[in-house]
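Colleague: Pasting protein-v5.tsv below, which is TSV, C-alpha atoms.
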```
chain	number	residue	atom	x	y	z
A	242	MET	CA	109.02	107.15	157.60
A	243	PRO	CA	108.55	105.65	154.15
A	244	THR	CA	111.71	103.95	152.91
A	245	ILE	CA	111.77	103.38	149.15
A	246	THR	CA	114.22	100.83	147.78
A	247	VAL	CA	114.54	100.77	144.00
A	248	GLN	CA	116.25	97.88	142.23
A	249	LEU	CA	117.18	99.05	138.75
A	250	PHE	CA	119.67	98.21	136.04
A	251	GLU	CA	123.06	99.83	136.55
A	252	GLY	CA	124.09	102.59	134.22
A	253	ARG	CA	122.05	105.61	135.30
A	254	ASP	CA	124.29	108.57	136.11
A	255	THR	CA	124.10	110.81	139.14
A	256	ASN	CA	122.01	113.45	137.36
A	257	LYS	CA	119.35	110.89	136.56
A	258	LYS	CA	119.38	109.50	140.10
A	259	ARG	CA	119.10	113.00	141.55
A	260	GLU	CA	116.05	113.75	139.41
A	261	TYR	CA	114.49	110.38	140.17
A	262	ALA	CA	115.03	110.64	143.94
A	263	GLN	CA	113.42	114.09	143.92
A	264	ALA	CA	110.44	112.83	141.93
A	265	LEU	CA	109.84	109.79	144.15
A	266	THR	CA	110.14	111.92	147.28
A	267	ALA	CA	107.81	114.63	145.97
A	268	GLU	CA	105.11	112.12	145.04
A	269	THR	CA	105.44	110.37	148.40
A	270	VAL	CA	104.97	113.67	150.23
A	271	ARG	CA	102.02	114.62	148.03
A	272	VAL	CA	100.14	111.32	148.22
A	273	LEU	CA	100.94	110.16	151.76
A	274	GLY	CA	100.97	113.60	153.34
A	275	CYS	CA	104.26	113.13	155.16
A	276	LYS	CA	107.21	115.50	155.50
A	277	PRO	CA	110.08	115.31	153.01
A	278	GLU	CA	112.46	114.65	155.92
A	279	ALA	CA	110.66	111.38	156.57
A	280	VAL	CA	111.36	109.95	153.11
A	281	GLU	CA	114.41	107.79	152.37
A	282	VAL	CA	115.26	106.54	148.88
A	283	ILE	CA	117.89	103.86	148.27
A	284	PHE	CA	118.95	102.79	144.77
A	285	VAL	CA	120.27	99.28	144.20
A	286	ASP	CA	122.20	99.03	140.92
A	287	VAL	CA	121.71	95.58	139.40
A	288	LYS	CA	123.89	94.16	136.62
A	289	ARG	CA	122.02	92.66	133.67
A	290	GLU	CA	123.72	89.33	134.35
A	291	ASN	CA	122.16	89.40	137.83
A	292	TRP	CA	118.53	89.76	136.73
A	293	ALA	CA	116.44	87.13	134.97
A	294	SER	CA	112.88	87.40	133.70
A	295	ALA	CA	111.11	84.25	132.54
A	296	GLY	CA	114.31	82.38	133.35
A	297	GLU	CA	116.51	84.35	130.94
A	298	LEU	CA	119.29	86.69	132.08
A	299	TRP	CA	118.91	90.23	130.73
A	300	SER	CA	122.55	90.09	129.59
A	301	ASP	CA	121.45	87.29	127.23
A	302	LYS	CA	118.44	89.10	125.76
A	303	SER	CA	119.05	90.50	122.32
B	15	MET	CA	117.36	82.32	162.97
B	16	PRO	CA	117.54	86.12	163.03
B	17	THR	CA	118.97	87.54	159.81
B	18	ILE	CA	120.21	91.10	160.14
B	19	THR	CA	120.70	93.13	156.97
B	20	VAL	CA	122.45	96.47	157.42
B	21	GLN	CA	122.40	99.08	154.67
B	22	LEU	CA	125.22	101.52	155.37
B	23	PHE	CA	127.41	103.96	153.50
B	24	GLU	CA	130.38	102.35	151.83
B	25	GLY	CA	133.81	103.06	153.22
B	26	ARG	CA	134.01	101.05	156.43
B	27	ASP	CA	137.00	98.73	156.41
B	28	THR	CA	137.06	95.07	157.35
B	29	ASN	CA	138.19	95.74	160.93
B	30	LYS	CA	135.18	97.93	161.52
B	31	LYS	CA	132.81	95.43	159.93
B	32	ARG	CA	134.30	92.63	162.03
B	33	GLU	CA	133.73	94.59	165.23
B	34	TYR	CA	130.23	95.61	164.17
B	35	ALA	CA	129.17	92.09	163.20
B	36	GLN	CA	130.40	90.79	166.55
B	37	ALA	CA	128.51	93.51	168.42
B	38	LEU	CA	125.23	92.96	166.56
B	39	THR	CA	125.49	89.21	167.06
B	40	ALA	CA	126.32	89.49	170.75
B	41	GLU	CA	123.35	91.78	171.42
B	42	THR	CA	121.03	89.52	169.45
B	43	VAL	CA	122.10	86.51	171.49
B	44	ARG	CA	121.75	88.43	174.75
B	45	VAL	CA	118.33	89.98	174.09
B	46	LEU	CA	116.61	87.25	172.07
B	47	GLY	CA	118.20	84.32	173.88
B	48	CYS	CA	119.23	82.48	170.72
B	49	LYS	CA	122.51	80.74	169.90
B	50	PRO	CA	125.26	82.64	168.09
B	51	GLU	CA	125.12	80.04	165.30
B	52	ALA	CA	121.58	81.16	164.52
B	53	VAL	CA	122.56	84.75	163.75
B	54	GLU	CA	123.40	85.95	160.25
B	55	VAL	CA	124.61	89.49	159.51
B	56	ILE	CA	124.79	90.86	155.97
B	57	PHE	CA	126.24	94.30	155.18
B	58	VAL	CA	125.06	96.19	152.11
B	59	ASP	CA	127.50	98.95	151.13
B	60	VAL	CA	125.60	101.88	149.64
B	61	LYS	CA	127.24	104.69	147.67
B	62	ARG	CA	126.31	108.21	148.73
B	63	GLU	CA	124.95	108.85	145.23
B	64	ASN	CA	122.54	105.94	145.77
B	65	TRP	CA	120.91	107.25	148.97
B	66	ALA	CA	118.63	110.25	149.26
B	67	SER	CA	117.07	111.73	152.39
B	68	ALA	CA	114.40	114.41	152.00
B	69	GLY	CA	114.87	114.09	148.25
B	70	GLU	CA	118.57	115.05	148.28
B	71	LEU	CA	121.37	112.63	147.40
B	72	TRP	CA	123.97	112.32	150.15
B	73	SER	CA	126.68	112.91	147.52
B	74	ASP	CA	125.16	116.38	147.09
B	75	LYS	CA	125.02	117.29	150.79
B	76	SER	CA	127.78	119.64	151.89
C	180	MET	CA	122.14	106.60	157.85
C	181	PRO	CA	122.41	102.90	158.74
C	182	THR	CA	119.14	101.07	158.21
C	183	ILE	CA	118.96	97.74	160.01
C	184	THR	CA	116.34	95.24	158.87
C	185	VAL	CA	115.91	92.20	161.12
C	186	GLN	CA	114.02	89.14	159.92
C	187	LEU	CA	113.06	87.12	162.99
C	188	PHE	CA	110.45	84.58	164.01
C	189	GLU	CA	107.17	86.14	165.06
C	190	GLY	CA	106.24	85.98	168.71
C	191	ARG	CA	108.45	88.56	170.39
C	192	ASP	CA	106.39	91.08	172.36
C	193	THR	CA	106.77	94.84	172.30
C	194	ASN	CA	108.95	94.91	175.43
C	195	LYS	CA	111.45	92.60	173.81
C	196	LYS	CA	111.42	94.56	170.56
C	197	ARG	CA	111.94	97.81	172.47
C	198	GLU	CA	114.96	96.40	174.28
C	199	TYR	CA	116.36	94.91	171.08
C	200	ALA	CA	115.93	98.10	169.06
C	201	GLN	CA	117.71	100.07	171.77
C	202	ALA	CA	120.56	97.58	171.89
C	203	LEU	CA	121.07	97.49	168.11
C	204	THR	CA	120.98	101.28	167.92
C	205	ALA	CA	123.40	101.74	170.82
C	206	GLU	CA	125.95	99.36	169.30
C	207	THR	CA	125.61	101.00	165.90
C	208	VAL	CA	126.30	104.43	167.41
C	209	ARG	CA	129.25	103.09	169.43
C	210	VAL	CA	130.94	101.17	166.62
C	211	LEU	CA	130.18	103.32	163.58
C	212	GLY	CA	130.38	106.65	165.38
C	213	CYS	CA	127.11	107.99	163.98
C	214	LYS	CA	124.29	109.85	165.75
C	215	PRO	CA	121.36	107.90	167.18
C	216	GLU	CA	119.03	109.94	164.97
C	217	ALA	CA	120.67	108.39	161.90
C	218	VAL	CA	119.80	104.82	162.86
C	219	GLU	CA	116.64	103.08	161.67
C	220	VAL	CA	115.61	99.59	162.81
C	221	ILE	CA	112.84	97.63	161.10
C	222	PHE	CA	111.64	94.26	162.37
C	223	VAL	CA	110.12	91.76	159.97
C	224	ASP	CA	108.10	89.09	161.78
C	225	VAL	CA	108.36	85.79	159.93
C	226	LYS	CA	106.05	82.82	160.54
C	227	ARG	CA	107.78	79.48	161.08
C	228	GLU	CA	105.91	78.11	158.04
C	229	ASN	CA	107.56	80.85	155.95
C	230	TRP	CA	111.17	79.99	156.82
C	231	ALA	CA	113.08	76.90	155.73
C	232	SER	CA	116.62	75.86	156.62
C	233	ALA	CA	118.20	72.95	154.76
C	234	GLY	CA	114.91	72.63	152.88
C	235	GLU	CA	112.76	72.02	155.96
C	236	LEU	CA	110.13	74.48	157.20
C	237	TRP	CA	110.66	75.50	160.81
C	238	SER	CA	107.00	74.71	161.48
C	239	ASP	CA	107.90	71.08	160.66
C	240	LYS	CA	110.95	70.86	162.91
C	241	SER	CA	110.30	68.99	166.14
D	170	MET	CA	104.37	87.44	140.14
D	171	PRO	CA	106.93	85.66	142.31
D	172	THR	CA	110.10	87.69	142.73
D	173	ILE	CA	113.06	85.66	143.96
D	174	THR	CA	116.01	87.52	145.46
D	175	VAL	CA	119.09	85.40	146.12
D	176	GLN	CA	121.91	86.69	148.31
D	177	LEU	CA	124.99	84.61	147.55
D	178	PHE	CA	128.75	84.92	147.78
D	179	GLU	CA	130.30	86.72	144.84
D	180	GLY	CA	132.37	84.70	142.43
D	181	ARG	CA	129.84	82.72	140.39
D	182	ASP	CA	130.26	83.35	136.67
D	183	THR	CA	127.54	84.12	134.17
D	184	ASN	CA	127.20	80.50	133.04
D	185	LYS	CA	126.46	79.43	136.59
D	186	LYS	CA	123.99	82.26	137.12
D	187	ARG	CA	122.24	81.43	133.84
D	188	GLU	CA	121.81	77.79	134.88
D	189	TYR	CA	120.69	78.75	138.38
D	190	ALA	CA	118.14	81.32	137.17
D	191	GLN	CA	116.67	78.75	134.79
D	192	ALA	CA	116.45	76.14	137.54
D	193	LEU	CA	114.78	78.48	140.05
D	194	THR	CA	112.31	79.67	137.43
D	195	ALA	CA	111.46	76.15	136.26
D	196	GLU	CA	110.78	74.95	139.80
D	197	THR	CA	108.67	78.00	140.54
D	198	VAL	CA	106.53	77.37	137.45
D	199	ARG	CA	106.21	73.68	138.28
D	200	VAL	CA	105.30	74.05	141.96
D	201	LEU	CA	103.27	77.27	141.97
D	202	GLY	CA	101.64	76.75	138.59
D	203	CYS	CA	102.42	80.22	137.28
D	204	LYS	CA	103.72	81.27	133.86
D	205	PRO	CA	107.46	81.68	133.31
D	206	GLU	CA	106.85	85.32	132.34
D	207	ALA	CA	105.66	86.00	135.89
D	208	VAL	CA	108.92	84.95	137.52
D	209	GLU	CA	111.72	87.41	138.30
D	210	VAL	CA	115.07	86.35	139.74
D	211	ILE	CA	117.58	88.85	141.14
D	212	PHE	CA	121.04	87.83	142.33
D	213	VAL	CA	122.80	89.88	144.99
D	214	ASP	CA	126.55	89.21	145.06
D	215	VAL	CA	127.86	89.50	148.61
D	216	LYS	CA	131.54	89.79	149.50
D	217	ARG	CA	132.79	87.41	152.19
D	218	GLU	CA	133.79	90.42	154.31
D	219	ASN	CA	130.15	91.53	154.21
D	220	TRP	CA	128.61	88.35	155.63
D	221	ALA	CA	128.98	87.06	159.17
D	222	SER	CA	127.64	83.84	160.68
D	223	ALA	CA	127.83	83.37	164.45
D	224	GLY	CA	129.50	86.78	164.60
D	225	GLU	CA	132.45	85.84	162.39
D	226	LEU	CA	133.04	87.30	158.95
D	227	TRP	CA	133.37	84.67	156.24
D	228	SER	CA	136.56	86.37	155.06
D	229	ASP	CA	138.02	85.41	158.45
D	230	LYS	CA	136.98	81.76	158.39
D	231	SER	CA	139.80	79.40	157.53
E	260	MET	CA	112.67	96.37	135.07
E	261	PRO	CA	112.66	98.73	138.04
E	262	THR	CA	111.22	97.08	141.14
E	263	ILE	CA	110.17	99.55	143.83
E	264	THR	CA	109.71	98.25	147.36
E	265	VAL	CA	108.14	100.72	149.80
E	266	GLN	CA	108.24	100.10	153.55
E	267	LEU	CA	105.58	102.27	155.13
E	268	PHE	CA	103.48	102.37	158.28
E	269	GLU	CA	100.39	100.21	158.07
E	270	GLY	CA	97.04	101.94	157.87
E	271	ARG	CA	96.84	103.30	154.33
E	272	ASP	CA	93.68	102.05	152.58
E	273	THR	CA	93.47	100.60	149.09
E	274	ASN	CA	92.47	103.92	147.51
E	275	LYS	CA	95.61	105.54	148.83
E	276	LYS	CA	97.80	102.64	147.73
E	277	ARG	CA	96.23	102.72	144.25
E	278	GLU	CA	96.98	106.43	143.90
E	279	TYR	CA	100.49	106.01	145.25
E	280	ALA	CA	101.35	103.04	143.00
E	281	GLN	CA	100.15	105.02	139.98
E	282	ALA	CA	102.22	108.05	140.97
E	283	LEU	CA	105.41	106.06	141.57
E	284	THR	CA	104.98	104.22	138.29
E	285	ALA	CA	104.28	107.38	136.30
E	286	GLU	CA	107.37	109.13	137.65
E	287	THR	CA	109.52	106.07	136.98
E	288	VAL	CA	108.34	105.95	133.37
E	289	ARG	CA	108.87	109.69	132.94
E	290	VAL	CA	112.34	109.91	134.48
E	291	LEU	CA	113.88	106.58	133.48
E	292	GLY	CA	112.20	106.34	130.09
E	293	CYS	CA	111.00	102.77	130.54
E	294	LYS	CA	107.62	101.23	129.73
E	295	PRO	CA	104.91	101.07	132.41
E	296	GLU	CA	104.85	97.27	132.01
E	297	ALA	CA	108.43	97.13	133.29
E	298	VAL	CA	107.61	98.74	136.64
E	299	GLU	CA	106.73	96.71	139.73
E	300	VAL	CA	105.68	98.30	143.03
E	301	ILE	CA	105.48	96.31	146.27
E	302	PHE	CA	104.19	97.83	149.52
E	303	VAL	CA	105.38	96.45	152.84
E	304	ASP	CA	103.07	97.46	155.70
E	305	VAL	CA	105.08	97.94	158.89
E	306	LYS	CA	103.54	98.13	162.37
E	307	ARG	CA	104.68	101.05	164.51
E	308	GLU	CA	105.97	98.56	167.09
E	309	ASN	CA	108.24	97.13	164.38
E	310	TRP	CA	110.01	100.38	163.46
E	311	ALA	CA	112.45	102.31	165.62
E	312	SER	CA	114.18	105.60	164.87
E	313	ALA	CA	117.00	106.76	167.17
E	314	GLY	CA	116.37	103.60	169.19
E	315	GLU	CA	112.75	104.38	170.03
E	316	LEU	CA	109.80	102.39	168.71
E	317	TRP	CA	107.26	104.52	166.88
E	318	SER	CA	104.52	102.92	168.98
E	319	ASP	CA	106.20	104.58	172.00
E	320	LYS	CA	106.47	108.06	170.50
E	321	SER	CA	103.87	110.48	171.80
F	94	MET	CA	125.25	80.58	152.55
F	95	PRO	CA	122.67	81.39	149.89
F	96	THR	CA	119.63	83.11	151.34
F	97	ILE	CA	116.60	83.01	149.06
F	98	THR	CA	113.79	85.47	149.71
F	99	VAL	CA	110.62	84.89	147.71
F	100	GLN	CA	107.93	87.55	147.48
F	101	LEU	CA	104.73	85.86	146.34
F	102	PHE	CA	101.00	86.42	146.54
F	103	GLU	CA	99.48	85.24	149.79
F	104	GLY	CA	97.26	82.21	149.71
F	105	ARG	CA	99.63	79.28	149.28
F	106	ASP	CA	99.14	76.70	152.03
F	107	THR	CA	101.83	75.02	154.10
F	108	ASN	CA	101.95	71.94	151.88
F	109	LYS	CA	102.72	74.07	148.86
F	110	LYS	CA	105.35	76.07	150.73
F	111	ARG	CA	106.97	72.87	151.99
F	112	GLU	CA	107.23	71.49	148.47
F	113	TYR	CA	108.49	74.79	147.10
F	114	ALA	CA	111.14	75.24	149.82
F	115	GLN	CA	112.41	71.72	149.16
F	116	ALA	CA	112.58	72.33	145.42
F	117	LEU	CA	114.41	75.66	145.72
F	118	THR	CA	116.88	74.16	148.19
F	119	ALA	CA	117.51	71.07	146.06
F	120	GLU	CA	118.23	73.13	142.95
F	121	THR	CA	120.51	75.45	144.89
F	122	VAL	CA	122.52	72.50	146.19
F	123	ARG	CA	122.69	70.93	142.73
F	124	VAL	CA	123.71	74.03	140.80
F	125	LEU	CA	125.89	75.88	143.31
F	126	GLY	CA	127.41	72.80	144.89
F	127	CYS	CA	126.78	73.87	148.47
F	128	LYS	CA	125.45	71.86	151.41
F	129	PRO	CA	121.72	71.84	152.15
F	130	GLU	CA	122.49	73.22	155.62
F	131	ALA	CA	123.81	76.41	154.01
F	132	VAL	CA	120.53	77.23	152.25
F	133	GLU	CA	117.89	79.49	153.81
F	134	VAL	CA	114.51	80.17	152.20
F	135	ILE	CA	112.19	82.92	153.42
F	136	PHE	CA	108.70	83.44	151.99
F	137	VAL	CA	107.13	86.88	152.05
F	138	ASP	CA	103.36	86.72	151.56
F	139	VAL	CA	102.16	89.79	149.68
F	140	LYS	CA	98.50	90.87	149.48
F	141	ARG	CA	97.22	91.67	145.99
F	142	GLU	CA	96.42	95.20	147.15
F	143	ASN	CA	100.12	95.60	148.00
F	144	TRP	CA	101.51	94.75	144.57
F	145	ALA	CA	101.17	96.81	141.41
F	146	SER	CA	102.40	96.01	137.90
F	147	ALA	CA	102.29	98.73	135.24
F	148	GLY	CA	100.79	100.99	137.91
F	149	GLU	CA	97.74	98.82	138.57
F	150	LEU	CA	97.13	96.98	141.83
F	151	TRP	CA	96.61	93.25	141.36
F	152	SER	CA	93.47	93.51	143.51
F	153	ASP	CA	92.05	95.72	140.75
F	154	LYS	CA	92.90	93.43	137.85
F	155	SER	CA	89.96	91.46	136.54
```
Here is a file; write its structure as structure tokens.
Modeller:
Amino acid sequence: MPTITVQLFEGRDTNKKREYAQALTAETVRVLGCKPEAVEVIFVDVKRENWASAGELWSDKS
Amino acid sequence: MPTITVQLFEGRDTNKKREYAQALTAETVRVLGCKPEAVEVIFVDVKRENWASAGELWSDKS
Amino acid sequence: MPTITVQLFEGRDTNKKREYAQALTAETVRVLGCKPEAVEVIFVDVKRENWASAGELWSDKS
Amino acid sequence: MPTITVQLFEGRDTNKKREYAQALTAETVRVLGCKPEAVEVIFVDVKRENWASAGELWSDKS
Amino acid sequence: MPTITVQLFEGRDTNKKREYAQALTAETVRVLGCKPEAVEVIFVDVKRENWASAGELWSDKS
Amino acid sequence: MPTITVQLFEGRDTNKKREYAQALTAETVRVLGCKPEAVEVIFVDVKRENWASAGELWSDKS
């Protein structure tokens, strides 16, 4: 029952998410040996102003 | 201090969320024996294009 | 596909978790109108030394 | 590699988030003794209708 | 800066986790076009008594 | 009602967590202007074999 939550910057379109969800699911099935039906993938779109690395918002990085 | 985070498809209105938060809180109080004031419920609205089961986005399921 | 994650203090036994999971699932089905098979519940046991309210660890509260 | 996820009510502007991310990062570096580059901060804006305490939505509290 | 959190049943050994982390990272780099250094993977081991599907704990499933 | 979840490597003792929880809470109160009672802090101890950066487990890094 692996549940994969991916926090990523907003802006990827549905085609990209479709491809990415398929890839994550396929690798999970291959490596863990579970059924595809057991795999859930949830994307969390994060705005650049909501993510800081080393104390600096990504919306501020040039 | 139970904190209940619910990831669910977007689209439920405030009336539904109000009823659902009350129900989850009431059952938590009844089963765990804690005070209502100790219970937090957070809803996370997820778009169908951001959730995949078995590698397929829910926005693609017919 | 509601996924319910509950952070709670460690110490509840399996009987209690079984009853609680059933209760949360039943209320989710009743209020949201989804199938039981769509509901996932994940418990996260938290040590009292890993949870602070108002800046005080619960392991320090008398 | 501390990763700090903050769920907070929506409505804080970018200036406030910038100041808050800096403060959380600085305290993490000071107390844990890690490098700033190791610290990630992610803000999750939550609507008042998506958060209930004691079974009551915050959008309903007067 | 994709951060991938995987909730999975406990019991996978370090070799399996190493292979899985590499696979998830490689696919993320390939599909999203980011650098490997930007990808974080965090595994959350979940006991079968802490996960219920359709209201039934996995430790109870035969 | 800010809820701060910190994923960090396991190994910090209770004294360190106490100091860190106080610091995070104090900065939250100062910057956001909320009451201390509104601030929750939850620590999630992560094993080095459960965290990978750039596809490499931290338990493998020399």
Colleague: Could you jot down the atom CA of Val210 of chain D to atom CA of Ala293 of chain A separation for me, Å, one decimal place?
Modeller: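 So the answer is 5.0 Å.
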Colleague: With a distance threshold of 6 Å and counting all atoms listed in the file, extract the residues of chain B near chain A and express them as a ChimeraX atom specification.
Modeller: /B:64-69
Colleague: Rounded to one decimal place, report the atom CA of Cys213 of chain C-atom CA of Lys30 of chain B distance in Å.
Modeller: 13.1 Å
Colleague: In Å, rounded to a single decimal, give me how far atom CA of Asp229 of chain D is from atom CA of Gly212 of chain C.
Modeller: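 Between atom CA of Gly212 of chain C and atom CA of Asp229 of chain D the gap works out to 23.6 Å.
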Colleague: Around all of segment 40-55 of chain B's listed atoms, make the axis-aligned box with 5 Å on each side and tell me centre and edge lengths in Å to one decimal, as JSON.
Modeller:
```
{"center_x": 121.5, "center_y": 85.9, "center_z": 167.1, "size_x": 19.7, "size_y": 21.7, "size_z": 25.2}
```
